[in-house]
Amino acid sequence: MSEFDVIVVGAGPAGASAAIRLASNKVNVLLVDRADPPGSKNVSGGVLWGDSLSQVIPDWEKSNMLERYVEAKGVTFLTKDSKISIDFRSKKFGEYKSGYTVLRTKFDAWLAKKAKDAGAMVVSGVTVDKLAMKDGKVIGVEQSGETITSDSVILAEGANSRVAYDSGIKKKPEDQKIALGVKEVIKLPEKTITERFGLTSPKMGFASEYVLGFLDGGVKAGGFLYTNRESISIGAVISMGDLRKNNQTYSFNVIEQFKDHPFIAPLIQDGRVEEYSAHLVPEGGMSVDSVYGNGYMIAGDTAGLTFSNGLVLQGMNYAVVSGILAADSFMERKSKGGDMNFENYQKNLENTFVLRDMNNFRGLDQVTWSESIHSTIPAIAEDAMLNIFSENGNPKKHLSQIVISSALKQKDKRKDLAVDLYRMLRRM
Amino acid sequence: MIKIEDRLSLLNYKIDKSYEHITINPSICETCPDHFCTFACPAKCYTLIDEKLNFKYEDCVECGTCDTACSHGSVAWTNTKGGHGVKYKFG
Amino acid sequence: MIKMALEIIVMIKQVPDSSEVVIDPVTFTLNRGAARNVINPADENAVEQALKIKDANNDTHITVITMGPPFAESALLDCMAKGVDRGILVTDRAFAGADTYPTGLTLAATITKIGKFDIIFAGEESTDSSTGHVGPGVAEFLGIEQASYTSNSWVEDGKVFAERQLEDGVETVKMEPPCLITVLTNSNIPRNATLRMKIDAMKRGIETWTLADINLKPEWVGLKGSPTIVKSMKSIQEKKRAGKKFTPDQMDEFVDELISKGILKFGGD
């Protein structure tokens, strides 16, 4: 007889959602987080997209742990001198769910509290060493030489997956499977933020991703800027392979270059940096051979369930869904008499957008981090825009002529661009 | 540009005086051709002083970057224990 | 050496994490609201000191007590997870606004209610008020011997020994139990709780006592029982200091500057 039905390792959106789901269904669950208070080592850019959380917390949108509702979504290319962006705002974001900006330390502590209220035992400030195995089956977790037993374990410890590595169920990431996110939280008055980003109310927010095509030494990084109630979350996601190739740019300076860009600096002007943080970001889809095994399931970042295609950067919504599915898969098995090999979890994931997104966009990371996205396309666009919008005394040309002539200036990149465009189109 | 030292000074750490959660193997670092860790680590825990690699675990934000960054097997990375280490206010 | 079974009581307090308490840039007052609560650092050292004595003396039983709001439960559970046997939270609306006098009285009454004890441990002072009153106050209320500002303590042949860190050296005192010891911040390295012990502590849970449990009158506790009256509070505003740089080859000018400002004077004239 195990001490717990389920032990969940990691109190982030995946782990907490799993624990809430299980505890609400009278499952005896232990949620363990190595930070104290739970969640205080968790970092993300900070938009929780979609409405998945309503499956475990129906009234989650009423929580005062949410910062702002995204009513303005941007996608922006930055070159050294220019900014080319789509700034999409729609009243329809009321019915088509966008997302909320969140600050994770506060938000995740709230999620852990919800798990506790639902009946889970929540333990923080203690680090699980590895999965406890017996006869090829996971029978609980090991901590300080002791085994705490459970019928199954849900592993949701994040991108830096030490328990998974030390238990031999995940390999350490190659450069192309991981990026480094660095972030700052910059304090600004609520009113300033609302006005500066042209938002319709203090409850409404702006979120944009950036392609940073201007960094020293050609380092490739994406940027993000999200508005919270009284602060701005700004950061850079840096390609590990690229940083290594470059080997002269300090990761912690990339975000400063982003902040100093002539069209970013005014947005954070007079703001005071309140916090600096860094975190690994899984790239390019699933990062484990299998999301399940005998007696365990892997959820959230640990499984590599994040998505970035240059237009959006998502992870928390996948974490929530995978956590809930792991919980449901356990209950499904338990009700059918106890086989704890969770291929049903894999199937359940396949039936939702989580693994569909991963499969549909497999290989897109090659494009996301390509020369085309980071330099060729922005250069063509910049040149074309300058031609379209400036008056140089010459007769006006058709738009297509302008774009073609701008593109021809980049002709040595032509072949790469064609390959990347083909890759992109194939996945749309 | 804000210096990294000033940014790190904003952070709250509960430092574990009895356990260094990351250790390096100086003999490997001595012959390292790239010292990529010094560029990769976002908390500037790895620095070169007189050509010699210097590592301090106290400023670590526990991202795990150095473990991936070091391709020479010098970094031994473990989680902090007992709630020690970085304690974010916002995350 | 005779090892004896001991009854130890540790008094702790939950305080705002001092590294998170920020100074309001407008009013210059401490903004504690932004900070999360932690166990007062010196109290963690007091708990560790008690546990060390328990390690060395079989059958030692430790009770940790705190006077505070209901959420102080987590601080008691943390101590229990490290090896403390019993946790008591003394909480009552009547305690609100207490200064160090009724706080000491309340804790002393709690200890009296607990009954037999050999050693009481407390942190030297709390980071949120830094008076250092409460520990010694409790000893006075209970009429027992005390040793403050200690870095180590142990029990030998039924006597309690404590090392007090003084300005000019270390003083080792020998006391008859029952006695009270206050422990210096950073005098030891608090141990980590294991997952097994954390689970166990949660299952055991804490006891909650109120004013009615400790035989004190409402007018003796809280704000009503507090003799301290805060007349006003002033924040110290940082003075802008003038600065001037000199290079090593400007030594003459540097000395002239010091003389002109009256900082440097020549005697004998």
# chains A, B, ... in the order shown; residues from 1 in each chain; ligands from 1

$ residues_around --residues "Val61 in chain B" --least-positions-apart "4" --cutoff "8 Å" --atoms "only C-alpha atoms" --output "PyMOL selection string"
(chain A and resi 277-278) or (chain B and resi 43+85-86)

$ write_last_selection --atoms "C-alpha atoms" --output "PDB file, in the first residue's frame"
ATOM      1  CA  SER A 277      15.975  36.585 -13.689  1.00  0.00           C
ATOM      2  CA  ALA A 278      17.046  33.824 -16.032  1.00  0.00           C
TER       3      ALA A 278
ATOM      4  CA  ALA B  43      24.492  35.511 -13.396  1.00  0.00           C
ATOM      5  CA  GLY B  85      19.165  29.588  -3.310  1.00  0.00           C
ATOM      6  CA  VAL B  86      17.414  32.253  -5.313  1.00  0.00           C
TER       7      VAL B  86
END

$ closest_atom_pairs --of "chain C" --to "chain A" --cutoff "10 Å" --atoms "only C-alpha atoms" --output "Markdown table"
| residue | atom | partner | partner_atom | distance |
| --- | --- | --- | --- | --- |
| C:Arg36 | CA | A:Pro37 | CA | 8.7 |
| C:Asn37 | CA | A:Pro37 | CA | 9.4 |
| C:Val38 | CA | A:Pro37 | CA | 9.5 |
| C:Asp78 | CA | A:Gly125 | CA | 9.3 |
| C:Asn192 | CA | A:Val126 | CA | 8.0 |
| C:Ala193 | CA | A:Val126 | CA | 7.2 |
| C:Thr194 | CA | A:Ser144 | CA | 6.4 |
| C:Leu195 | CA | A:Val126 | CA | 6.2 |
| C:Arg196 | CA | A:Ile148 | CA | 7.0 |
| C:Lys198 | CA | A:Val123 | CA | 6.9 |
| C:Ile199 | CA | A:Val123 | CA | 7.3 |
| C:Met202 | CA | A:Met121 | CA | 8.2 |
| C:Lys203 | CA | A:Met121 | CA | 9.4 |

$ residues_around --residues "range 71-81 of chain B" --least-positions-apart "3" --cutoff "7 Å" --atoms "only C-alpha atoms" --output "PyMOL selection string"
(chain A and resi 126-127+162) or (chain B and resi 21-25+28-29+67-68+84-85)

$ select_by_dssp --residues "range 33-132 of chain A" --states "strand (DSSP E or B)" --output "short mmCIF file (atom, residue, chain, number, x, y, z; two decimals) with C-alpha atoms, in the first residue's frame"
data_model
loop_
_atom_site.label_atom_id
_atom_site.label_comp_id
_atom_site.auth_asym_id
_atom_site.auth_seq_id
_atom_site.Cartn_x
_atom_site.Cartn_y
_atom_site.Cartn_z
CA ASP A 33 8.24 22.04 -4.68
CA VAL A 47 1.56 35.42 -20.68
CA LEU A 48 -0.81 32.59 -19.86
CA TRP A 49 -2.59 32.14 -23.17
CA LEU A 66 -3.70 38.09 -12.94
CA GLU A 67 -2.00 41.20 -14.21
CA ARG A 68 -3.61 42.42 -17.45
CA TYR A 69 -5.77 40.89 -20.19
CA VAL A 70 -3.97 40.99 -23.54
CA GLU A 71 -5.97 43.26 -25.83
CA ALA A 72 -3.02 44.23 -28.01
CA LYS A 73 -0.68 41.65 -29.52
CA GLY A 74 2.40 42.63 -31.42
CA VAL A 75 4.91 40.90 -33.64
CA THR A 76 7.93 43.05 -34.30
CA PHE A 77 11.16 42.95 -36.25
CA LEU A 78 13.90 45.20 -34.96
CA LYS A 83 11.11 48.74 -36.17
CA ILE A 84 8.65 46.89 -38.37
CA SER A 85 5.66 45.61 -36.50
CA ILE A 86 2.19 44.25 -36.58
CA ASP A 87 0.20 45.67 -33.70
CA PHE A 88 -3.01 43.70 -33.64
CA ARG A 89 -5.84 45.00 -31.48
CA GLY A 99 -4.39 35.60 -22.44
CA TYR A 100 -3.39 37.25 -19.21
CA THR A 101 0.01 38.51 -18.21
CA VAL A 102 1.14 36.98 -14.92
CA MET A 121 -0.71 17.97 0.75
CA VAL A 122 1.63 20.74 -0.39
CA VAL A 123 5.24 20.58 0.79
CA SER A 124 7.72 23.28 -0.17
CA LYS A 130 15.15 11.15 -7.99
CA LEU A 131 12.40 8.72 -8.82
CA ALA A 132 12.35 5.60 -6.68
#

$ interface_residues --of "chain B" --to "chain A" --cutoff "9 Å" --atoms "only C-alpha atoms" --output "number ranges by chain"
B: 1-4, 7-8, 10-11, 34-36, 38-44, 61-65, 67-69, 77-91

$ closest_residue --among "B:Pro33, B:Glu20, B:Pro26, B:Glu5" --to "Lys56 in chain B" --atoms "only C-alpha atoms"
B:Glu20
